[in-house]
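Containing mmCIF, C-alpha atoms: upload.cif.
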data_run
loop_
_atom_site.group_PDB
_atom_site.id
_atom_site.type_symbol
_atom_site.label_atom_id
_atom_site.label_comp_id
_atom_site.auth_asym_id
_atom_site.auth_seq_id
_atom_site.Cartn_x
_atom_site.Cartn_y
_atom_site.Cartn_z
ATOM 1 C CA MET A 1 -165.458 -196.774 -12.702
ATOM 2 C CA ILE A 2 -167.936 -194.357 -14.242
ATOM 3 C CA ILE A 3 -165.811 -191.335 -13.424
ATOM 4 C CA ASN A 4 -163.029 -192.605 -15.725
ATOM 5 C CA ARG A 5 -165.148 -192.382 -18.868
ATOM 6 C CA PRO A 6 -163.971 -189.323 -20.906
ATOM 7 C CA GLY A 7 -167.326 -187.636 -21.048
ATOM 8 C CA SER A 8 -168.024 -188.186 -17.400
ATOM 9 C CA ARG A 9 -164.568 -186.922 -16.455
ATOM 10 C CA ARG A 10 -165.121 -183.713 -18.423
ATOM 11 C CA GLU A 11 -168.485 -183.259 -16.719
ATOM 12 C CA PHE A 12 -166.910 -183.949 -13.324
ATOM 13 C CA LEU A 13 -164.155 -181.366 -13.867
ATOM 14 C CA LYS A 14 -166.687 -178.843 -15.128
ATOM 15 C CA THR A 15 -168.849 -179.427 -12.059
ATOM 16 C CA LEU A 16 -165.792 -179.187 -9.800
ATOM 17 C CA GLY A 17 -164.862 -175.861 -11.406
ATOM 18 C CA LEU A 18 -168.359 -174.516 -10.870
ATOM 19 C CA CYS A 19 -168.312 -175.653 -7.260
ATOM 20 C CA THR A 20 -164.937 -173.998 -6.736
ATOM 21 C CA ALA A 21 -166.239 -170.763 -8.196
ATOM 22 C CA ALA A 22 -169.384 -171.019 -6.096
ATOM 23 C CA GLY A 23 -167.231 -171.652 -3.073
ATOM 24 C CA ALA A 24 -165.542 -168.328 -3.644
ATOM 25 C CA VAL A 25 -168.880 -166.547 -3.935
ATOM 26 C CA LEU A 26 -171.121 -168.257 -1.406
ATOM 27 C CA PRO A 27 -169.257 -167.226 1.770
ATOM 28 C CA VAL A 28 -169.423 -163.585 0.660
ATOM 29 C CA PHE A 29 -173.118 -163.934 -0.108
ATOM 30 C CA ALA A 30 -173.688 -165.643 3.232
ATOM 31 C CA ALA A 31 -171.751 -162.916 5.016
ATOM 32 C CA GLU A 32 -173.925 -160.285 3.346
ATOM 33 C CA ARG A 33 -177.062 -162.021 4.508
ATOM 34 C CA LYS A 34 -175.906 -162.739 8.069
ATOM 35 C CA TRP A 35 -177.075 -160.179 10.603
ATOM 36 C CA GLN A 36 -174.207 -158.267 12.152
ATOM 37 C CA MET A 37 -174.704 -157.260 15.791
ATOM 38 C CA ARG A 38 -173.294 -153.847 16.717
ATOM 39 C CA LEU A 39 -172.613 -153.170 20.398
ATOM 40 C CA ALA A 40 -172.835 -149.941 22.369
ATOM 41 C CA THR A 41 -173.327 -149.111 26.013
ATOM 42 C CA SER A 42 -174.547 -146.153 28.042
ATOM 43 C CA SER A 43 -172.298 -143.581 29.654
ATOM 44 C CA ILE A 44 -174.357 -143.647 32.858
ATOM 45 C CA GLN A 45 -172.782 -147.019 33.653
ATOM 46 C CA PHE A 46 -169.711 -144.915 34.531
ATOM 47 C CA LYS A 47 -171.391 -141.787 35.874
ATOM 48 C CA GLN A 48 -168.612 -141.297 38.448
ATOM 49 C CA LEU A 49 -166.094 -140.781 35.614
ATOM 50 C CA THR A 50 -165.715 -137.828 33.287
ATOM 51 C CA LEU A 51 -167.000 -138.150 29.726
ATOM 52 C CA GLU A 52 -163.403 -138.469 28.496
ATOM 53 C CA GLU A 53 -162.664 -141.268 30.979
ATOM 54 C CA THR A 54 -165.946 -142.973 30.143
ATOM 55 C CA CYS A 55 -165.187 -142.926 26.412
ATOM 56 C CA GLN A 56 -161.789 -144.436 27.106
ATOM 57 C CA GLN A 57 -163.274 -147.192 29.250
ATOM 58 C CA ILE A 58 -166.045 -148.066 26.795
ATOM 59 C CA ALA A 59 -163.596 -148.127 23.885
ATOM 60 C CA GLN A 60 -161.191 -150.374 25.802
ATOM 61 C CA LEU A 61 -164.075 -152.784 26.408
ATOM 62 C CA GLY A 62 -164.463 -153.146 22.657
ATOM 63 C CA PHE A 63 -167.822 -151.419 22.223
ATOM 64 C CA GLU A 64 -168.378 -149.666 18.923
ATOM 65 C CA ALA A 65 -170.433 -146.759 20.213
ATOM 66 C CA ILE A 66 -171.614 -144.784 23.230
ATOM 67 C CA ASP A 67 -175.047 -143.626 24.413
ATOM 68 C CA ILE A 68 -174.409 -140.343 26.280
ATOM 69 C CA TRP A 69 -176.760 -139.593 29.188
ATOM 70 C CA ASP A 70 -178.036 -136.327 30.569
ATOM 71 C CA LYS A 71 -178.193 -135.448 34.285
ATOM 72 C CA PHE A 72 -180.408 -138.424 35.192
ATOM 73 C CA ASP A 73 -179.238 -139.800 38.559
ATOM 74 C CA GLY A 74 -176.463 -137.233 38.618
ATOM 75 C CA CYS A 75 -174.807 -138.281 35.347
ATOM 76 C CA PRO A 76 -172.749 -135.301 34.073
ATOM 77 C CA HIS A 77 -171.886 -136.493 30.585
ATOM 78 C CA LEU A 78 -174.257 -134.614 28.285
ATOM 79 C CA GLU A 79 -173.495 -131.369 30.082
ATOM 80 C CA GLN A 80 -169.794 -132.072 29.537
ATOM 81 C CA ALA A 81 -170.508 -132.810 25.868
ATOM 82 C CA GLU A 82 -172.375 -129.498 25.684
ATOM 83 C CA GLN A 83 -169.275 -127.716 26.951
ATOM 84 C CA LEU A 84 -167.207 -129.379 24.229
ATOM 85 C CA GLY A 85 -169.614 -128.376 21.466
ATOM 86 C CA GLY A 86 -170.331 -130.462 18.394
ATOM 87 C CA ALA A 87 -166.837 -130.287 16.927
ATOM 88 C CA GLY A 88 -165.220 -131.021 20.277
ATOM 89 C CA LEU A 89 -167.495 -134.010 20.876
ATOM 90 C CA LYS A 90 -166.751 -135.398 17.409
ATOM 91 C CA GLU A 91 -163.029 -135.032 18.082
ATOM 92 C CA LEU A 92 -163.349 -136.809 21.445
ATOM 93 C CA LEU A 93 -165.228 -139.739 19.910
ATOM 94 C CA THR A 94 -162.812 -139.967 16.991
ATOM 95 C CA ARG A 95 -159.837 -140.009 19.353
ATOM 96 C CA HIS A 96 -161.312 -143.028 21.144
ATOM 97 C CA HIS A 97 -162.545 -144.705 17.932
ATOM 98 C CA LEU A 98 -166.171 -144.528 19.076
ATOM 99 C CA LYS A 99 -169.370 -143.815 17.193
ATOM 100 C CA LEU A 100 -172.271 -141.905 18.729
ATOM 101 C CA SER A 101 -175.131 -144.311 19.395
ATOM 102 C CA ALA A 102 -177.515 -141.870 21.081
ATOM 103 C CA PHE A 103 -178.157 -139.022 23.475
ATOM 104 C CA THR A 104 -180.483 -139.990 26.339
ATOM 105 C CA VAL A 105 -182.483 -136.987 27.524
ATOM 106 C CA TYR A 106 -184.939 -138.271 30.153
ATOM 107 C CA ALA A 107 -184.056 -135.636 32.736
ATOM 108 C CA SER A 108 -183.702 -132.719 30.332
ATOM 109 C CA SER A 109 -185.127 -132.315 26.825
ATOM 110 C CA TYR A 110 -184.421 -132.993 23.190
ATOM 111 C CA GLU A 111 -184.860 -129.287 22.479
ATOM 112 C CA ARG A 112 -181.823 -128.463 24.604
ATOM 113 C CA TYR A 113 -179.536 -130.926 22.846
ATOM 114 C CA ALA A 114 -180.936 -131.081 19.283
ATOM 115 C CA GLU A 115 -178.395 -128.673 17.811
ATOM 116 C CA LEU A 116 -175.481 -130.309 19.649
ATOM 117 C CA LEU A 117 -176.565 -133.727 18.365
ATOM 118 C CA GLY A 118 -176.753 -132.341 14.838
ATOM 119 C CA ASN A 119 -173.361 -130.654 15.068
ATOM 120 C CA ALA A 120 -171.866 -133.917 16.321
ATOM 121 C CA GLY A 121 -173.074 -135.650 13.169
ATOM 122 C CA GLY A 122 -176.736 -136.310 13.938
ATOM 123 C CA GLY A 123 -178.325 -139.306 15.576
ATOM 124 C CA VAL A 124 -180.911 -140.659 17.988
ATOM 125 C CA ALA A 125 -182.273 -138.946 21.091
ATOM 126 C CA VAL A 126 -183.951 -141.308 23.568
ATOM 127 C CA ARG A 127 -186.848 -139.927 25.615
ATOM 128 C CA ALA A 128 -189.995 -141.074 27.420
ATOM 129 C CA SER A 129 -193.568 -141.118 26.148
ATOM 130 C CA GLU A 130 -196.129 -139.888 28.716
ATOM 131 C CA TYR A 131 -196.681 -141.198 32.221
ATOM 132 C CA GLY A 132 -200.066 -141.986 33.719
ATOM 133 C CA SER A 133 -202.860 -144.544 33.634
ATOM 134 C CA PHE A 134 -204.423 -145.235 30.246
ATOM 135 C CA LYS A 135 -207.532 -147.301 29.592
ATOM 136 C CA PRO A 136 -207.268 -149.816 26.728
ATOM 137 C CA GLU A 137 -210.108 -148.162 24.849
ATOM 138 C CA GLU A 138 -208.236 -144.835 25.013
ATOM 139 C CA LEU A 139 -204.950 -146.093 23.583
ATOM 140 C CA SER A 140 -205.435 -145.104 19.951
ATOM 141 C CA SER A 141 -206.751 -141.618 20.679
ATOM 142 C CA ARG A 142 -204.131 -140.900 23.344
ATOM 143 C CA MET A 143 -201.347 -142.239 21.129
ATOM 144 C CA ASN A 144 -202.573 -140.070 18.276
ATOM 145 C CA GLN A 145 -202.511 -137.048 20.604
ATOM 146 C CA PHE A 146 -198.972 -137.953 21.640
ATOM 147 C CA HIS A 147 -197.790 -138.090 18.023
ATOM 148 C CA GLU A 148 -199.420 -134.701 17.416
ATOM 149 C CA LYS A 149 -197.446 -133.257 20.341
ATOM 150 C CA LEU A 150 -194.229 -134.589 18.791
ATOM 151 C CA LYS A 151 -194.636 -132.543 15.601
ATOM 152 C CA PRO A 152 -192.549 -129.540 16.780
ATOM 153 C CA LEU A 153 -189.812 -131.946 17.852
ATOM 154 C CA ILE A 154 -189.972 -133.708 14.501
ATOM 155 C CA GLU A 155 -189.418 -130.358 12.771
ATOM 156 C CA LEU A 156 -186.420 -129.794 15.038
ATOM 157 C CA ALA A 157 -185.125 -133.267 14.224
ATOM 158 C CA GLU A 158 -185.427 -132.594 10.506
ATOM 159 C CA LYS A 159 -183.480 -129.363 10.929
ATOM 160 C CA HIS A 160 -180.667 -130.998 12.904
ATOM 161 C CA ASN A 161 -180.523 -134.475 11.326
ATOM 162 C CA GLY A 162 -181.951 -136.084 14.444
ATOM 163 C CA HIS A 163 -184.269 -138.972 15.301
ATOM 164 C CA LEU A 164 -186.473 -139.474 18.356
ATOM 165 C CA ALA A 165 -186.626 -142.876 20.058
ATOM 166 C CA ILE A 166 -189.519 -143.210 22.505
ATOM 167 C CA GLU A 167 -188.875 -145.630 25.372
ATOM 168 C CA ASN A 168 -191.491 -147.925 26.885
ATOM 169 C CA HIS A 169 -191.926 -147.857 30.648
ATOM 170 C CA GLY A 170 -194.282 -149.069 33.356
ATOM 171 C CA ASP A 171 -197.179 -146.686 34.047
ATOM 172 C CA ALA A 172 -196.640 -145.000 30.697
ATOM 173 C CA LEU A 173 -198.511 -144.592 27.444
ATOM 174 C CA LEU A 174 -196.008 -146.822 25.634
ATOM 175 C CA ASN A 175 -196.064 -149.962 27.757
ATOM 176 C CA SER A 176 -198.442 -152.756 26.690
ATOM 177 C CA VAL A 177 -198.258 -154.800 23.500
ATOM 178 C CA ASP A 178 -201.407 -153.042 22.280
ATOM 179 C CA SER A 179 -199.766 -149.666 22.866
ATOM 180 C CA PHE A 180 -196.839 -150.722 20.650
ATOM 181 C CA LYS A 181 -199.304 -151.700 17.928
ATOM 182 C CA ALA A 182 -201.017 -148.323 18.218
ATOM 183 C CA PHE A 183 -197.670 -146.485 18.141
ATOM 184 C CA VAL A 184 -196.449 -148.274 15.015
ATOM 185 C CA ASP A 185 -199.775 -147.926 13.195
ATOM 186 C CA LEU A 186 -200.126 -144.206 13.932
ATOM 187 C CA ASN A 187 -196.519 -143.133 13.473
ATOM 188 C CA LYS A 188 -196.058 -141.528 10.064
ATOM 189 C CA SER A 189 -192.655 -139.916 10.591
ATOM 190 C CA PRO A 190 -189.362 -141.582 9.654
ATOM 191 C CA ARG A 191 -187.806 -139.358 12.328
ATOM 192 C CA VAL A 192 -189.667 -141.131 15.157
ATOM 193 C CA GLY A 193 -189.217 -144.656 16.445
ATOM 194 C CA ILE A 194 -189.002 -146.794 19.574
ATOM 195 C CA ALA A 195 -186.344 -147.364 22.223
ATOM 196 C CA LEU A 196 -187.201 -150.833 23.463
ATOM 197 C CA ALA A 197 -186.578 -151.715 27.120
ATOM 198 C CA PRO A 198 -187.214 -155.466 27.631
ATOM 199 C CA TYR A 199 -186.952 -154.955 31.406
ATOM 200 C CA HIS A 200 -190.341 -153.231 31.379
ATOM 201 C CA LEU A 201 -191.861 -155.767 28.990
ATOM 202 C CA GLN A 202 -190.827 -158.600 31.288
ATOM 203 C CA ALA A 203 -192.436 -156.713 34.176
ATOM 204 C CA ILE A 204 -195.824 -157.092 32.434
ATOM 205 C CA LYS A 205 -194.998 -160.603 31.159
ATOM 206 C CA ALA A 206 -195.051 -159.518 27.517
ATOM 207 C CA SER A 207 -193.088 -161.327 24.814
ATOM 208 C CA VAL A 208 -189.925 -159.426 23.935
ATOM 209 C CA PRO A 209 -189.444 -161.135 20.529
ATOM 210 C CA GLU A 210 -193.076 -160.387 19.633
ATOM 211 C CA VAL A 211 -192.648 -156.695 20.382
ATOM 212 C CA ILE A 212 -189.322 -156.528 18.519
ATOM 213 C CA ARG A 213 -191.068 -157.876 15.431
ATOM 214 C CA LEU A 214 -193.968 -155.471 15.965
ATOM 215 C CA CYS A 215 -191.552 -152.546 15.999
ATOM 216 C CA GLY A 216 -189.811 -153.634 12.802
ATOM 217 C CA LYS A 217 -188.034 -150.748 11.101
ATOM 218 C CA GLN A 218 -189.373 -148.369 13.737
ATOM 219 C CA LEU A 219 -186.980 -149.846 16.316
ATOM 220 C CA PHE A 220 -184.306 -147.176 16.820
ATOM 221 C CA PHE A 221 -182.664 -148.311 20.080
ATOM 222 C CA PHE A 222 -182.476 -151.643 21.918
ATOM 223 C CA TYR A 223 -181.549 -152.102 25.574
ATOM 224 C CA ALA A 224 -180.035 -155.540 26.265
ATOM 225 C CA TRP A 225 -181.592 -155.368 29.713
ATOM 226 C CA GLN A 226 -183.516 -157.978 31.700
ATOM 227 C CA LYS A 227 -185.768 -157.616 34.745
ATOM 228 C CA ALA A 228 -183.580 -158.618 37.689
ATOM 229 C CA ASP A 229 -181.576 -157.042 40.485
ATOM 230 C CA GLY A 230 -178.042 -155.683 40.416
ATOM 231 C CA PHE A 231 -175.677 -157.117 37.829
ATOM 232 C CA GLU A 232 -178.258 -159.744 36.873
ATOM 233 C CA GLN A 233 -179.957 -157.055 34.791
ATOM 234 C CA LEU A 234 -177.120 -157.507 32.283
ATOM 235 C CA PRO A 235 -176.969 -160.118 29.496
ATOM 236 C CA GLY A 236 -175.153 -163.269 30.582
ATOM 237 C CA GLU A 237 -175.558 -162.458 34.275
ATOM 238 C CA GLY A 238 -179.263 -163.002 34.959
ATOM 239 C CA PRO A 239 -181.578 -165.887 34.026
ATOM 240 C CA THR A 240 -182.868 -164.658 30.649
ATOM 241 C CA ASP A 241 -181.800 -166.387 27.451
ATOM 242 C CA PHE A 242 -181.090 -163.525 25.046
ATOM 243 C CA LYS A 243 -180.866 -165.719 21.950
ATOM 244 C CA PRO A 244 -184.575 -165.400 21.004
ATOM 245 C CA TRP A 245 -184.257 -161.634 21.366
ATOM 246 C CA LEU A 246 -181.233 -161.507 19.063
ATOM 247 C CA GLU A 247 -182.960 -163.815 16.586
ATOM 248 C CA ALA A 248 -185.898 -161.405 16.471
ATOM 249 C CA LEU A 249 -183.515 -158.486 15.901
ATOM 250 C CA ALA A 250 -181.918 -160.455 13.063
ATOM 251 C CA ASP A 251 -185.364 -161.163 11.582
ATOM 252 C CA ILE A 252 -186.167 -157.455 11.325
ATOM 253 C CA ARG A 253 -182.618 -156.669 10.115
ATOM 254 C CA TYR A 254 -182.069 -154.278 13.014
ATOM 255 C CA GLU A 255 -179.297 -151.905 11.946
ATOM 256 C CA ARG A 256 -178.592 -149.927 15.098
ATOM 257 C CA HIS A 257 -176.831 -150.861 18.332
ATOM 258 C CA VAL A 258 -177.550 -153.498 20.948
ATOM 259 C CA ASN A 259 -176.971 -151.760 24.275
ATOM 260 C CA PRO A 260 -176.164 -153.850 27.399
ATOM 261 C CA PHE A 261 -177.653 -151.890 30.284
ATOM 262 C CA MET A 262 -178.439 -151.863 33.984
ATOM 263 C CA HIS A 263 -179.548 -149.431 36.650
ATOM 264 C CA GLY A 264 -177.585 -149.221 39.862
ATOM 265 C CA HIS A 265 -174.270 -148.031 38.471
ATOM 266 C CA PRO A 266 -171.700 -149.611 40.806
ATOM 267 C CA ALA A 267 -167.987 -148.855 41.074
ATOM 268 C CA GLU A 268 -165.853 -148.766 37.948
ATOM 269 C CA GLU A 269 -163.945 -152.043 38.301
ATOM 270 C CA PRO A 270 -166.910 -154.402 38.852
ATOM 271 C CA MET A 271 -168.850 -152.541 36.147
ATOM 272 C CA VAL A 272 -166.035 -153.141 33.666
ATOM 273 C CA ALA A 273 -165.934 -156.841 34.521
ATOM 274 C CA ALA A 274 -169.710 -157.221 34.203
ATOM 275 C CA LEU A 275 -169.876 -155.417 30.847
ATOM 276 C CA ALA A 276 -167.009 -157.524 29.524
ATOM 277 C CA LYS A 277 -168.937 -160.654 30.480
ATOM 278 C CA SER A 278 -172.083 -159.322 28.777
ATOM 279 C CA ARG A 279 -170.121 -158.397 25.653
ATOM 280 C CA ASP A 280 -168.661 -161.898 25.374
ATOM 281 C CA TYR A 281 -172.023 -163.556 26.062
ATOM 282 C CA LEU A 282 -173.793 -161.597 23.313
ATOM 283 C CA ARG A 283 -171.016 -162.233 20.836
ATOM 284 C CA ARG A 284 -171.134 -165.979 21.480
ATOM 285 C CA LEU A 285 -174.853 -165.995 20.712
ATOM 286 C CA THR A 286 -174.286 -164.473 17.275
ATOM 287 C CA LEU A 287 -171.412 -166.707 16.129
#

Can you dump the structure from the file as structure tokens?
Amino acid sequence: MIINRPGSRREFLKTLGLCTAAGAVLPVFAAERKWQMRLATSSIQFKQLTLEETCQQIAQLGFEAIDIWDKFDGCPHLEQAEQLGGAGLKELLTRHHLKLSAFTVYASSYERYAELLGNAGGGVAVRASEYGSFKPEELSSRMNQFHEKLKPLIELAEKHNGHLAIENHGDALLNSVDSFKAFVDLNKSPRVGIALAPYHLQAIKASVPEVIRLCGKQLFFFYAWQKADGFEQLPGEGPTDFKPWLEALADIRYERHVNPFMHGHPAEEPMVAALAKSRDYLRRLTL
């Protein structure tokens, strides 16, 4: 056999040694290149609980981080965080082995919570754009005006190590695919980005993967949230295949959290079960 010739045997062993060495390196290299999904969820899913109880529940579910909501729909959690102060909030999160994904400030303001967010370590504040009807030919000028209005908030974010994530919504300035293009083109601040809600994109029959790729590095927050009723808003519950969405997030090397989300906020026990199912579904898609 050819392999028994001395020269060939030496070459074979040399090749085998190289392959063995490569085998030790390649998995590490592959692991470095593979996109790692990070999971968080929003405190409003447990608005009937205290912030402490909510942190405990989210941590027990295996989520890495929490998005803490203001008084929207009666959620008390940001006000409770405010009472704790920055140091107290950091201690609470550390005790439950949670990171801070975001503050959501739809019903209040970033100004109110900017210093608290900074004292807690800094991070993202999710807020709306502007509501109303906007003609396509007005998009660029209105988006430019919106970015101008954000300048005082950007200065506040720079002072307190914060970032602003603007969410898309129906009947809002940030809604259509063209509005995302205008936002990304006109945004010059690394402190400002997008909080992407696929629910509202599906409502206008827009492509979620297309918009994810449009956002690129300006994507600061991602709701794993589909247009459906009740628990079917969550990943793994409703009809949407989330794999193309996650593939798009991997393509842009999205570094922040994927946030399973729904409106409706049922009782604690069924909410826990539904989030556990969503968690497992998303993890299976990234294996």

| said: Excluding A:Ser140 and its own-chain neighbours fewer than 4 positions away, which residues fall within 12 Å of it when counting all atoms listed in the file? Please give them as a list in words. | reply: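 In the requested format, the answer is Phe134, Lys135, Pro136, Asn144, Gln145, Phe146, His147, Leu173, Leu174, Asp178, Ser179, Phe180, Lys181, Ala182, Phe183, Val184, Asp185, Leu186 and Asn187 of chain A.
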
| said: What's the separation between atom CA of A:Gly85 and atom CA of A:Gln45, in Å to one decimal place? | reply: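 It comes out at 22.5 Å.
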
| How far is it from atom CA of A:Pro235 to atom CA of A:His163, in Å with one decimal? | 26.5 Å

| atom CA of A:Lys90 to atom CA of A:Lys277: how many Å, to one decimal? | 28.5 Å

| task | May I have the residues within 9 Å of stretch 98-105 of chain A as a VMD selection string, using all atoms listed in the file and disregarding those fewer than 4 positions away in the same chain? | result | chain A and resid 40 to 42 55 58 to 59 63 to 72 78 90 92 to 94 109 to 110 113 117 120 to 128 221 256 to 257

| request: Report as a ChimeraX atom specification the full result of the PyMOL selection byres ((chain A and resi 77) around 9) when it is applied to this structure. | output: /A:43-44,47,49-52,54,68-71,75-76,78-82

| task | For the structure shown, which residues end up in the PyMOL selection byres ((chain A and resi 271) around 12)? Put them as a PyMOL selection string, please? | result | chain A and resi 41-48+54+57-58+61+230-232+234+260-270+272-278
